[in-house]
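Remarks on the structure that follows.
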Amino acid sequence: MNTKVLVAPSPHVHSGDSIQKNMYGVVFAMLPALLFSFFYFGLGALVVTLTAVASCYLFEFLIQKYILKTEVTINDGSALITGILLAFNVPSNLPIWIIMIGALVAIGIGKMTFGGLGNNVFNPALVGRVFLLISFPVQMTSWPVSKGLTSGYIDVETGATPLAIIKEGLKSGQSLSSLMDKIPSNMDMFLGNMGGSMGEIAGAALVLGLIYMLIRKIITWHIPVAVIGSVAILTGILHMADPEAYAGPVFHILTGGLLLGAIFMATDYVTSPMSNKGMIIYGVGIGVLTVVIRVFGAYPEGVSFAILIMNAFVPLINVYVKPKRFGEKRK
Amino acid sequence: MLKTFSIGGIHPAENKLSAESAIQALPIPQMVSIPISQHIGAPATAIVKKGDEVKVGQLIAKSSGFVSANIHSSVSGAVFKLDDIMDASGFRRTSIIIKVDGDEWLEHIDRSEELVKDIKASKEEIIKQVGDAGIVGLGGATFPAHVKLSVPPGKTAEVLIINAVECEPYLTSDHRIMLEKGDEVLVGTQILMKALEVNKAIIGIENNKPDAIAHLTKLAANYNGIEICPLKTQYPQGGEKQLISATIKREVPSGALPIEVGAVVQNVGTAYAVYEAVQKNKPLFERVATVTGKSLKNPSNWMFRIGTPVKDIIEAAGGMPEDTGKIVGGGPMMGKALSSIDVPLTKGSSGLLLLPKEETARKATKACIRCGKCVSVCPMGLEPYLLMVCADKKDYERLEKDAVMDCIECGSCSFTCPAHRPLLDYIRLGKGKVAQIMRARK
Amino acid sequence: MSIIAITILALCAIGVTAAIILYFVAQKFKVYEDPRIDEVEEALPAANCGGCGYPGCRGFAEALVKADDISNFNCPVGGAAVMSHVGALLGHEVKAADPTVAVVRCNGTCENRPKTNQYDGAASCSIAASLYSGETGCQHGCLGLGECVEACNFDAMYMDEETGLPVIIEDKCVSCGACVKACPNNIIELRKKGPKSRRIFVSCVNKDKGAVAKKACNVACIGCRKCEKECPFDAITVENNLAYIDYNKCKLCRKCVVVCPTNAIHELNFPPRKEKPAAKPDAKTVKPATAKTEVKDAPKAEPKANDSKEETSDNK
């Protein structure tokens, strides 16, 4: 034997799982929604996605290579996810320069200032998104109306999201039932036929991605179910208390990127709790905050803020919520 | 829905390559090296010296305490020397090296193949005989068997659980014993039941061994109080606490022994060894091991004499494959990597696994992405990611608080980690340090 | 305009009120602390290395102020200068402690100690040491994973890639002992720095029998006792097949270095030996050619012929 035998502590085999496999699995799960947005918003969606992904890669590379001077890890696929998620969270007619600023904030401030993948407290794509939302409110909230594949990029007709229609309508004193006529039907919303950010409209495609990730065991059911469940219960109670003032649970689940948030953004490995119990607490927190912001807050939608707020609680949840130990005395 | 344990667990590729290969007797080598420490507890004290003539089955090292075990010669011949040699533990330790001359057994050992069903020995005689025969837990932990049979005062055993799950991938020695020595295993189980004064025994077998389940279920009809319990294939079901949870749905409290919930667990190989010791007067000087690996010519199961060098069993299975990267004593999940093929096989050698380099070499460690997979697979409900960080940062207080001592070192966390972090390496280190601190406090 | 004025005035008022409250609260809750603690802490090097055995310099300062006799205390970083300064502050006599330095007692380079297997576990000496006896036939020597280097707070160590052994940069070593604690095989020892940094030590910790040790490593101490017999000052003892030189007894005569059959005894920072004993160098005037800081190549090129004439070449 010419080569020396290896000696290492057990275990001597590995599942073969890797960060890349998980990351590209998530990307694969996002494909249906991505393809749908290309189909629905046309050229604009393609330009926005490519810009977002390319700038995320570029900024990660530049920061790791020239500022932090560490190993460049752009191959792990996390920049790709951040890029696609950022694109999912913006309207398809957003100018390129704004997207690049968003990518810089997402990667630079959202991720690298904390030390890169694994150390960030907040979901990078959401940091970028919220930064843009606050800095460029006009561009970020003028959603193009779909003209199918032939839709242009910048000069497009714009409209409002269902959530915004309801919020504005209620504010101006109209009743909910009269507003309901102005928004698409539930089926239309589930299939994605409404105004909104690129990735948030196609409920069906997002659920397809969720099913794929659950089968591949990339994520567990805890967070999506907790988020959607708590939103459904809370809005259900409100709706039953006063159907004229509060929209029903189906409407809330299908609009405003709740599915996108619950499936792809709240489940981000780095910024979600480690234990199943913790994940449920975190998910319920997101659900409750989303409803509170949507119903009582100034913004029509609250998923992004709710996730960011709960991200901040994750370290605390990890410290205080322990998994059930084997042999622990049951109370 | 088949039974399994309550939390965590993984399902690595089973790779039971040698399941079809019947147990063969390995030729006796020219020289055996028998370490005086093949068990958990105090090393035995050698009672032979250079030049002494010994026979097969003769006591050559005496148990040196309650938690210790006798060691018998596995060959006949003359003691060549007592020396410190590298053994499977990875350290140089005292061994009795015997030059083989013929194969002369002690006369009182019954060498016939005939099944002796009638248990004549009393409870006390059984425990004494098990201790005298130097029987240790043959699953790999090598805890002296007579200690487990001596139920501490104030506690009572309710059920005996026979560990026949063989949850480690690759290994098939227990599987073959069940198929070929089914009756002996069941008599051995009855002997253990008598020693523990219980009238119920459960043999837990994973359902990836349907032939063994069918065979033993058929045979068990002739024995009182033995139940065969098929289990879902899930690692680490062979862990004592996991097996108890799977079979009788009781959780052993943290830091306590299985007797706390009225259970005693013994390995199926141990049951066979107990049968041989009590019914045939044969001390533990040979056992069955699997020699296996994907590149190996002939993965197979062998009955070997303790002290046989590892290289002999590799030769018997077709020689060392070219691409061998690691030689593991035991299974791939909890086995110990050997640094040389000259080390002797011992009582704890349940298998020998030759892993190709690309299958076993570790990949570069990446940053933790906090995916929580280690937490969800941990069968003890611990947080491996946290324990690793605390062990690395030497925060032993927090390690203790977060129950590092509960870790059973099954390796599920390291196996699963997508960032290839050496979680168990650090947890084991921290566990050792915390154990030291706890001992010092007493 | 008036808004600005009101704002400024209001802020000033708040500031003043808060300051007054703070002043009284600070008076009320003042904790008396011996002012000397601050003084002593000021005098200490602020390295917070823990080499003194106390948690940081502040902890050491507190202990010093409390103690009646500080002769047993030593700051390894600051050495005699700092301790005498502290002594002056506290009004104690301080006897200068001999300065010490960390020494790596293993010369098992890749060449001298061939590897028999390859370690593939986590890069930590403690983990490797608890797993098995190491990559080579020697189960006592350096494991080469650099836990000592990691422990060093003063950048005084690095791993030599060629030899696979840690190297101590003498000028930077403050002898805090962090590496000594970090090494699971107890290879590193704090030894007296010696006059002009000249030291002699056994660069091996192998307790195996001679034949086993020699087989594993070309430069292992084989416990032959030649040095023990040779030493005129009884400074060398051989226990468990391993020689040890007591640095308090050693007079740096270098006789042992010559007789060692495996070159396991190293001498550091001595002037090169001359072939002819007649040209005996005077230690008072001749300085070491180059202050060698690297342990490993010291003994190799030493001519064996030379002997006792060198005995006086130290400046004792």
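Labels used: A, B, ... for chains in the order of the structure tokens, numbers from 1 for residues in each chain, and numbers from 1 for ligands as shown.
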- Item | Spatial neighbours of range 25-34 of chain A, 6 Å, only C-alpha atoms, chain gap at least 5 places, as JSON, numbers by chain | {"A": [199, 205, 206, 209]}
Export N, CA, C and O atoms of the chosen residues as an mmCIF file, in the first residue's frame?
```cif
data_model
loop_
_atom_site.group_PDB
_atom_site.id
_atom_site.type_symbol
_atom_site.label_atom_id
_atom_site.label_comp_id
_atom_site.auth_asym_id
_atom_site.auth_seq_id
_atom_site.Cartn_x
_atom_site.Cartn_y
_atom_site.Cartn_z
ATOM 1 N N GLY A 199 -42.336 37.925 -7.672
ATOM 2 C CA GLY A 199 -42.450 36.547 -7.219
ATOM 3 C C GLY A 199 -43.633 36.290 -6.313
ATOM 4 O O GLY A 199 -43.910 35.153 -5.957
ATOM 5 N N ALA A 205 -47.546 28.456 -8.010
ATOM 6 C CA ALA A 205 -46.155 28.116 -8.304
ATOM 7 C C ALA A 205 -45.326 28.061 -7.027
ATOM 8 O O ALA A 205 -44.452 27.204 -6.875
ATOM 9 N N LEU A 206 -45.625 28.959 -6.086
ATOM 10 C CA LEU A 206 -44.883 28.968 -4.823
ATOM 11 C C LEU A 206 -45.179 27.701 -4.024
ATOM 12 O O LEU A 206 -44.281 27.093 -3.435
ATOM 13 N N GLY A 209 -43.221 24.895 -5.257
ATOM 14 C CA GLY A 209 -41.858 24.954 -4.729
ATOM 15 C C GLY A 209 -41.791 24.410 -3.314
ATOM 16 O O GLY A 209 -40.871 23.671 -2.958
#
```
- Item | Exercise answer, chain A residues close to chain C, 8 Å and only C-alpha atoms, as an MDAnalysis selection string | chainID A and resid 4:9
At a cut-off of 9 Å, which residues of chain A touch chain B? Count only C-alpha atoms and give the answer as a compact mmCIF listing (two decimals) with all heavy atoms, in the first residue's frame.
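So the final result, stored in part-v1.txt, reads:
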```txt
# COMPACT_ATOMS: atom_id res chain seq x y z
N MET A 1 0.85 -1.19 0.00
CA MET A 1 0.00 0.00 0.00
C MET A 1 0.89 1.25 0.00
O MET A 1 1.68 1.45 0.91
CB MET A 1 -0.88 -0.03 1.24
CG MET A 1 -2.12 0.78 1.07
SD MET A 1 -3.23 0.54 2.43
CE MET A 1 -2.11 0.48 3.83
N THR A 3 -0.26 4.58 -0.40
CA THR A 3 -0.82 5.74 0.28
C THR A 3 -1.09 5.39 1.75
O THR A 3 -1.41 4.26 2.07
CB THR A 3 -2.14 6.17 -0.37
OG1 THR A 3 -2.95 5.02 -0.50
CG2 THR A 3 -1.92 6.82 -1.69
N LYS A 4 -0.97 6.40 2.59
CA LYS A 4 -1.17 6.15 4.02
C LYS A 4 -2.66 6.11 4.32
O LYS A 4 -3.45 6.84 3.74
CB LYS A 4 -0.52 7.26 4.83
CG LYS A 4 0.97 7.25 4.68
CD LYS A 4 1.59 8.39 5.45
CE LYS A 4 3.06 8.50 5.14
NZ LYS A 4 3.32 9.26 3.91
N VAL A 5 -3.04 5.24 5.25
CA VAL A 5 -4.45 5.15 5.60
C VAL A 5 -4.86 6.39 6.39
O VAL A 5 -4.05 6.99 7.08
CB VAL A 5 -4.78 3.89 6.43
CG1 VAL A 5 -4.66 2.66 5.59
CG2 VAL A 5 -3.96 3.83 7.68
N LEU A 6 -6.11 6.75 6.24
CA LEU A 6 -6.64 7.89 6.98
C LEU A 6 -7.10 7.43 8.35
O LEU A 6 -7.57 6.31 8.52
CB LEU A 6 -7.83 8.49 6.23
CG LEU A 6 -7.57 8.99 4.83
CD1 LEU A 6 -8.87 9.41 4.18
CD2 LEU A 6 -6.61 10.15 4.87
N VAL A 7 -6.93 8.30 9.32
CA VAL A 7 -7.46 8.03 10.65
C VAL A 7 -8.24 9.26 11.07
O VAL A 7 -7.74 10.38 10.95
CB VAL A 7 -6.34 7.76 11.66
CG1 VAL A 7 -6.90 7.54 13.04
CG2 VAL A 7 -5.53 6.55 11.24
N ALA A 8 -9.47 9.06 11.49
CA ALA A 8 -10.28 10.19 11.94
C ALA A 8 -11.31 9.65 12.92
O ALA A 8 -11.61 8.46 12.91
CB ALA A 8 -10.97 10.86 10.77
N PRO A 9 -11.82 10.53 13.77
CA PRO A 9 -12.88 10.07 14.67
C PRO A 9 -14.13 9.70 13.86
O PRO A 9 -14.30 10.16 12.73
CB PRO A 9 -13.15 11.29 15.55
CG PRO A 9 -12.02 12.22 15.34
CD PRO A 9 -11.49 11.94 13.98
N SER A 10 -15.01 8.88 14.46
CA SER A 10 -16.23 8.49 13.78
C SER A 10 -17.15 9.71 13.68
O SER A 10 -17.00 10.64 14.44
CB SER A 10 -16.91 7.37 14.55
OG SER A 10 -17.33 7.84 15.81
N PRO A 11 -18.12 9.75 12.84
CA PRO A 11 -18.47 8.76 11.82
C PRO A 11 -17.56 8.83 10.60
O PRO A 11 -16.99 9.88 10.32
CB PRO A 11 -19.90 9.16 11.44
CG PRO A 11 -19.95 10.62 11.66
CD PRO A 11 -19.06 10.89 12.84
N HIS A 12 -17.46 7.71 9.91
CA HIS A 12 -16.52 7.64 8.80
C HIS A 12 -17.19 7.83 7.45
O HIS A 12 -16.54 7.77 6.43
CB HIS A 12 -15.79 6.30 8.86
CG HIS A 12 -15.14 6.07 10.18
ND1 HIS A 12 -14.05 6.79 10.59
CD2 HIS A 12 -15.45 5.25 11.21
CE1 HIS A 12 -13.71 6.40 11.82
NE2 HIS A 12 -14.54 5.47 12.21
N VAL A 13 -18.49 7.98 7.46
CA VAL A 13 -19.20 8.24 6.21
C VAL A 13 -20.05 9.50 6.39
O VAL A 13 -20.32 9.93 7.51
CB VAL A 13 -20.10 7.06 5.79
CG1 VAL A 13 -19.26 5.91 5.28
CG2 VAL A 13 -20.99 6.61 6.92
N HIS A 14 -20.44 10.05 5.28
CA HIS A 14 -21.23 11.28 5.31
C HIS A 14 -22.43 11.12 4.39
O HIS A 14 -22.38 10.36 3.43
CB HIS A 14 -20.36 12.47 4.88
CG HIS A 14 -20.99 13.79 5.13
ND1 HIS A 14 -21.78 14.41 4.20
CD2 HIS A 14 -20.99 14.59 6.22
CE1 HIS A 14 -22.22 15.54 4.70
NE2 HIS A 14 -21.76 15.68 5.93
N SER A 15 -23.48 11.84 4.72
CA SER A 15 -24.71 11.71 3.93
C SER A 15 -24.53 12.21 2.50
O SER A 15 -25.34 11.91 1.64
CB SER A 15 -25.82 12.51 4.60
OG SER A 15 -25.44 13.88 4.66
N GLY A 16 -23.49 12.99 2.25
CA GLY A 16 -23.29 13.54 0.91
C GLY A 16 -24.04 14.85 0.72
O GLY A 16 -23.99 15.44 -0.35
N ASP A 17 -24.73 15.26 1.76
CA ASP A 17 -25.44 16.54 1.69
C ASP A 17 -24.40 17.67 1.70
O ASP A 17 -23.32 17.51 2.23
CB ASP A 17 -26.35 16.67 2.92
CG ASP A 17 -27.45 17.68 2.70
OD1 ASP A 17 -27.52 18.22 1.59
OD2 ASP A 17 -28.24 17.91 3.63
N SER A 18 -24.73 18.77 1.06
CA SER A 18 -23.80 19.89 1.09
C SER A 18 -24.58 21.19 1.03
O SER A 18 -25.77 21.19 0.72
CB SER A 18 -22.82 19.81 -0.08
OG SER A 18 -23.52 20.02 -1.28
N ILE A 19 -23.88 22.27 1.34
CA ILE A 19 -24.54 23.58 1.30
C ILE A 19 -25.06 23.84 -0.11
O ILE A 19 -26.20 24.25 -0.30
CB ILE A 19 -23.55 24.68 1.73
CG1 ILE A 19 -23.16 24.48 3.19
CG2 ILE A 19 -24.15 26.05 1.53
CD1 ILE A 19 -22.20 25.51 3.72
N GLN A 20 -24.20 23.55 -1.10
CA GLN A 20 -24.62 23.77 -2.50
C GLN A 20 -25.91 23.04 -2.83
O GLN A 20 -26.82 23.60 -3.41
CB GLN A 20 -23.55 23.28 -3.46
CG GLN A 20 -22.50 24.32 -3.77
CD GLN A 20 -21.23 23.98 -3.03
OE1 GLN A 20 -21.29 23.51 -1.89
NE2 GLN A 20 -20.10 24.20 -3.65
N LYS A 21 -25.97 21.74 -2.44
CA LYS A 21 -27.16 20.97 -2.79
C LYS A 21 -28.41 21.62 -2.22
O LYS A 21 -29.44 21.68 -2.89
CB LYS A 21 -27.02 19.54 -2.24
CG LYS A 21 -26.26 18.63 -3.17
CD LYS A 21 -26.35 17.19 -2.69
CE LYS A 21 -25.41 16.31 -3.48
NZ LYS A 21 -25.25 15.00 -2.89
N ASN A 22 -28.32 22.08 -0.99
CA ASN A 22 -29.48 22.71 -0.38
C ASN A 22 -29.83 24.02 -1.08
O ASN A 22 -30.98 24.30 -1.37
CB ASN A 22 -29.22 22.97 1.10
CG ASN A 22 -29.35 21.71 1.91
OD1 ASN A 22 -30.41 21.15 2.01
ND2 ASN A 22 -28.24 21.23 2.44
N GLY A 116 -20.63 37.22 6.57
CA GLY A 116 -20.91 36.30 5.47
C GLY A 116 -21.94 35.26 5.82
O GLY A 116 -22.57 35.29 6.87
N LEU A 117 -22.08 34.31 4.90
CA LEU A 117 -23.11 33.29 5.04
C LEU A 117 -23.00 32.56 6.38
O LEU A 117 -21.93 32.13 6.77
CB LEU A 117 -22.96 32.26 3.90
CG LEU A 117 -23.98 31.14 3.92
CD1 LEU A 117 -25.37 31.66 3.64
CD2 LEU A 117 -23.62 30.06 2.93
N GLY A 118 -24.11 32.47 7.05
CA GLY A 118 -24.12 31.75 8.32
C GLY A 118 -24.11 32.66 9.52
O GLY A 118 -24.46 32.25 10.61
N ASN A 119 -23.68 33.90 9.32
CA ASN A 119 -23.57 34.80 10.47
C ASN A 119 -24.57 35.94 10.44
O ASN A 119 -24.68 36.68 11.41
CB ASN A 119 -22.16 35.38 10.54
CG ASN A 119 -21.13 34.29 10.65
OD1 ASN A 119 -21.27 33.39 11.46
ND2 ASN A 119 -20.11 34.35 9.84
N ILE A 218 -35.37 19.77 2.28
CA ILE A 218 -34.54 20.97 2.40
C ILE A 218 -35.04 21.81 3.56
O ILE A 218 -34.26 22.35 4.34
CB ILE A 218 -34.58 21.77 1.08
CG1 ILE A 218 -33.90 20.95 -0.01
CG2 ILE A 218 -33.91 23.12 1.24
CD1 ILE A 218 -34.06 21.48 -1.39
N ILE A 219 -36.35 21.90 3.71
CA ILE A 219 -36.91 22.58 4.88
C ILE A 219 -37.93 21.64 5.53
O ILE A 219 -38.30 20.63 4.95
CB ILE A 219 -37.59 23.92 4.50
CG1 ILE A 219 -38.70 23.68 3.48
CG2 ILE A 219 -36.58 24.92 4.01
CD1 ILE A 219 -39.63 24.85 3.31
N ASP A 268 -35.45 30.80 5.42
CA ASP A 268 -34.00 30.94 5.22
C ASP A 268 -33.29 30.32 6.42
O ASP A 268 -33.57 30.63 7.57
CB ASP A 268 -33.66 32.44 5.10
CG ASP A 268 -32.16 32.67 5.11
OD1 ASP A 268 -31.45 31.85 4.52
OD2 ASP A 268 -31.73 33.66 5.72
N TYR A 269 -32.37 29.39 6.09
CA TYR A 269 -31.69 28.64 7.16
C TYR A 269 -31.08 29.55 8.22
O TYR A 269 -31.25 29.37 9.42
CB TYR A 269 -30.53 27.84 6.56
CG TYR A 269 -30.93 26.58 5.86
CD1 TYR A 269 -30.16 26.08 4.82
CD2 TYR A 269 -32.05 25.86 6.26
CE1 TYR A 269 -30.49 24.90 4.18
CE2 TYR A 269 -32.38 24.68 5.62
CZ TYR A 269 -31.60 24.21 4.59
OH TYR A 269 -31.91 23.06 3.97
N VAL A 270 -30.29 30.51 7.72
CA VAL A 270 -29.43 31.26 8.62
C VAL A 270 -30.24 32.09 9.61
O VAL A 270 -29.88 32.23 10.77
CB VAL A 270 -28.51 32.18 7.80
CG1 VAL A 270 -27.56 32.92 8.72
CG2 VAL A 270 -27.76 31.37 6.77
N THR A 271 -31.37 32.62 9.13
CA THR A 271 -32.08 33.58 9.96
C THR A 271 -33.35 33.01 10.59
O THR A 271 -34.22 33.75 11.02
CB THR A 271 -32.44 34.82 9.13
OG1 THR A 271 -33.20 34.39 7.99
CG2 THR A 271 -31.21 35.53 8.65
N SER A 272 -33.44 31.69 10.63
CA SER A 272 -34.59 31.09 11.32
C SER A 272 -34.08 30.21 12.46
O SER A 272 -32.93 29.79 12.45
CB SER A 272 -35.42 30.27 10.34
OG SER A 272 -34.66 29.22 9.81
N PRO A 273 -34.91 29.92 13.45
CA PRO A 273 -34.45 29.15 14.61
C PRO A 273 -34.04 27.73 14.24
O PRO A 273 -34.37 27.23 13.16
CB PRO A 273 -35.66 29.13 15.54
CG PRO A 273 -36.53 30.23 15.08
CD PRO A 273 -36.31 30.35 13.62
N MET A 274 -33.31 27.08 15.16
CA MET A 274 -32.75 25.76 14.89
C MET A 274 -33.71 24.64 15.28
O MET A 274 -33.70 23.58 14.68
CB MET A 274 -31.46 25.56 15.68
CG MET A 274 -30.46 26.67 15.51
SD MET A 274 -29.65 26.61 13.92
CE MET A 274 -28.27 25.55 14.25
N SER A 275 -34.50 24.83 16.32
CA SER A 275 -35.31 23.71 16.79
C SER A 275 -36.73 23.83 16.24
O SER A 275 -37.18 24.92 15.89
CB SER A 275 -35.33 23.69 18.31
OG SER A 275 -35.98 24.83 18.79
N ASN A 276 -37.43 22.71 16.17
CA ASN A 276 -38.78 22.71 15.62
C ASN A 276 -39.71 23.58 16.45
O ASN A 276 -40.53 24.32 15.91
CB ASN A 276 -39.32 21.28 15.57
CG ASN A 276 -38.53 20.45 14.58
OD1 ASN A 276 -37.77 20.98 13.77
ND2 ASN A 276 -38.68 19.14 14.65
N LYS A 322 -35.50 25.22 23.78
CA LYS A 322 -34.64 24.06 23.55
C LYS A 322 -35.48 22.95 22.95
O LYS A 322 -36.67 22.83 23.26
CB LYS A 322 -34.06 23.59 24.89
CG LYS A 322 -33.15 24.61 25.54
CD LYS A 322 -31.82 24.61 24.83
CE LYS A 322 -30.97 25.78 25.26
NZ LYS A 322 -29.81 25.97 24.42
N PRO A 323 -34.87 22.11 22.12
CA PRO A 323 -35.63 20.96 21.61
C PRO A 323 -35.98 20.03 22.77
O PRO A 323 -35.35 20.09 23.83
CB PRO A 323 -34.66 20.30 20.64
CG PRO A 323 -33.31 20.79 21.02
CD PRO A 323 -33.49 22.13 21.64
N LYS A 324 -36.94 19.19 22.55
CA LYS A 324 -37.31 18.25 23.60
C LYS A 324 -36.19 17.24 23.75
O LYS A 324 -35.82 16.55 22.81
CB LYS A 324 -38.60 17.53 23.24
CG LYS A 324 -39.13 16.72 24.40
CD LYS A 324 -40.06 15.59 23.97
CE LYS A 324 -40.18 14.55 25.04
NZ LYS A 324 -39.00 13.68 25.14
N ARG A 325 -35.65 17.17 24.96
CA ARG A 325 -34.56 16.24 25.20
C ARG A 325 -35.09 14.84 25.40
O ARG A 325 -36.17 14.66 25.97
CB ARG A 325 -33.79 16.65 26.46
CG ARG A 325 -33.14 17.98 26.33
CD ARG A 325 -31.63 17.83 26.35
NE ARG A 325 -31.03 19.07 25.89
CZ ARG A 325 -30.84 20.12 26.67
NH1 ARG A 325 -31.18 20.06 27.93
NH2 ARG A 325 -30.29 21.20 26.21
N PHE A 326 -34.31 13.88 24.98
CA PHE A 326 -34.66 12.48 25.22
C PHE A 326 -34.57 12.23 26.73
O PHE A 326 -33.61 12.59 27.39
CB PHE A 326 -33.67 11.57 24.50
CG PHE A 326 -33.99 10.12 24.59
CD1 PHE A 326 -34.75 9.51 23.61
CD2 PHE A 326 -33.55 9.35 25.66
CE1 PHE A 326 -35.05 8.17 23.68
CE2 PHE A 326 -33.85 8.01 25.74
CZ PHE A 326 -34.60 7.41 24.75
N GLY A 327 -35.60 11.59 27.26
CA GLY A 327 -35.57 11.25 28.68
C GLY A 327 -35.91 12.40 29.59
O GLY A 327 -35.79 12.30 30.81
N GLU A 328 -36.34 13.50 28.99
CA GLU A 328 -36.73 14.65 29.79
C GLU A 328 -38.02 14.32 30.52
O GLU A 328 -38.90 13.68 29.94
CB GLU A 328 -36.96 15.81 28.84
CG GLU A 328 -37.00 17.16 29.47
CD GLU A 328 -37.11 18.21 28.36
OE1 GLU A 328 -37.86 17.97 27.42
OE2 GLU A 328 -36.45 19.23 28.46
N LYS A 329 -38.13 14.75 31.73
CA LYS A 329 -39.35 14.44 32.48
C LYS A 329 -40.53 15.22 31.89
O LYS A 329 -40.45 16.41 31.67
CB LYS A 329 -39.17 14.81 33.94
CG LYS A 329 -38.30 13.79 34.65
CD LYS A 329 -38.56 13.75 36.14
CE LYS A 329 -37.63 12.76 36.79
NZ LYS A 329 -36.29 13.34 37.07
```
- Message: Need to verify the contact set: Phe251 in chain A, 10 Å, only C-alpha atoms, exclusion of same-chain residues closer than 2 positions in sequence. Can you return it as number ranges by chain?
- Response: A: 162-163, 180, 183-186, 189-190, 232, 235, 247-249, 253-256
Writing out the chosen residues with N, CA and C atoms as a short mmCIF file (atom, residue, chain, number, x, y, z; two decimals), in the first residue's frame:
```cif
data_model
loop_
_atom_site.label_atom_id
_atom_site.label_comp_id
_atom_site.auth_asym_id
_atom_site.auth_seq_id
_atom_site.Cartn_x
_atom_site.Cartn_y
_atom_site.Cartn_z
N PRO A 162 -53.84 44.08 -4.81
CA PRO A 162 -55.13 43.93 -4.12
C PRO A 162 -55.10 44.48 -2.70
N LEU A 163 -53.98 44.21 -2.00
CA LEU A 163 -53.88 44.68 -0.61
C LEU A 163 -53.97 46.20 -0.54
N MET A 180 -64.47 44.57 -2.86
CA MET A 180 -64.18 43.21 -3.32
C MET A 180 -64.37 43.06 -4.82
N ILE A 183 -61.10 43.78 -6.85
CA ILE A 183 -59.92 42.90 -6.80
C ILE A 183 -60.22 41.59 -7.52
N PRO A 184 -59.17 40.92 -7.95
CA PRO A 184 -59.37 39.67 -8.68
C PRO A 184 -60.01 38.61 -7.80
N SER A 185 -60.55 37.58 -8.44
CA SER A 185 -61.16 36.50 -7.68
C SER A 185 -60.08 35.68 -6.99
N ASN A 186 -60.49 34.90 -6.00
CA ASN A 186 -59.52 34.08 -5.25
C ASN A 186 -58.74 33.16 -6.18
N MET A 189 -56.16 35.04 -8.00
CA MET A 189 -55.04 35.40 -7.14
C MET A 189 -54.15 34.19 -6.88
N PHE A 190 -54.77 33.02 -6.72
CA PHE A 190 -53.98 31.81 -6.47
C PHE A 190 -53.12 31.49 -7.68
N ALA A 232 -54.11 32.80 8.97
CA ALA A 232 -55.47 32.35 8.67
C ALA A 232 -56.36 32.48 9.91
N THR A 235 -56.81 36.38 10.92
CA THR A 235 -57.69 37.13 10.02
C THR A 235 -59.09 36.52 10.02
N ALA A 247 -60.84 41.87 5.73
CA ALA A 247 -60.93 40.87 4.67
C ALA A 247 -60.70 39.48 5.26
N GLY A 248 -61.13 38.46 4.54
CA GLY A 248 -61.06 37.09 5.05
C GLY A 248 -59.68 36.47 4.93
N PRO A 249 -59.49 35.31 5.55
CA PRO A 249 -58.18 34.65 5.57
C PRO A 249 -57.66 34.28 4.18
N ILE A 253 -54.03 35.35 2.75
CA ILE A 253 -52.98 34.37 2.46
C ILE A 253 -52.48 34.52 1.02
N LEU A 254 -53.40 34.83 0.12
CA LEU A 254 -53.01 34.86 -1.30
C LEU A 254 -52.36 36.16 -1.72
N THR A 255 -52.48 37.19 -0.91
CA THR A 255 -51.95 38.48 -1.35
C THR A 255 -50.71 38.90 -0.57
N GLY A 256 -50.09 39.93 -1.11
CA GLY A 256 -49.03 40.62 -0.38
C GLY A 256 -47.81 39.77 -0.08
#
```
- One decimal, Å: what's the distance from CA of Thr161 in chain A over to CA of Met194 in chain A, could you say?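 Answer for the CA of Thr161 in chain A to CA of Met194 in chain A separation: 7.0 Å.
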- Which of range 94-253 of chain A DSSP labels strand (DSSP E), written as a PyMOL selection string: chain A and resi 143-144+158-159
- Message: Just want the 8 Å neighbourhood of Tyr57 in chain A, counted on only C-alpha atoms, with same-chain residues fewer than 6 positions away dropped. Output as a list in words.
- Response: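 Answer for this query is Ile74, Ala79, Leu80 and Gly83 of chain A.
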- Note on the structure: Correct to one decimal, the distance CA of Leu354 in chain B-CA of Asn298 in chain B is 11.6 Å
- Task: Find the residues near Ile286 in chain A: any atom within 12 Å, counting only C-alpha atoms, skip ones fewer than 6 places away on the same chain, and give them as a PyMOL selection string.
- Result: chain A and resi 223-231+234+258+261-262+265-267+272+279-280+292-294+302-314
- Asp312 in chain B environment, 9 Å, only C-alpha atoms, sequence neighbours closer than 2 positions dropped, as a PyMOL selection string: chain B and resi 26-27+29+308-310+314-317+319+341
- Tell me, as a ChimeraX atom specification, which residues lie within 12 Å of range 58-61 of chain A, counting only C-alpha atoms; anything in the same chain fewer than 4 positions away does not count. /A:50-54,65-80,82-83,100-113,115-117,124
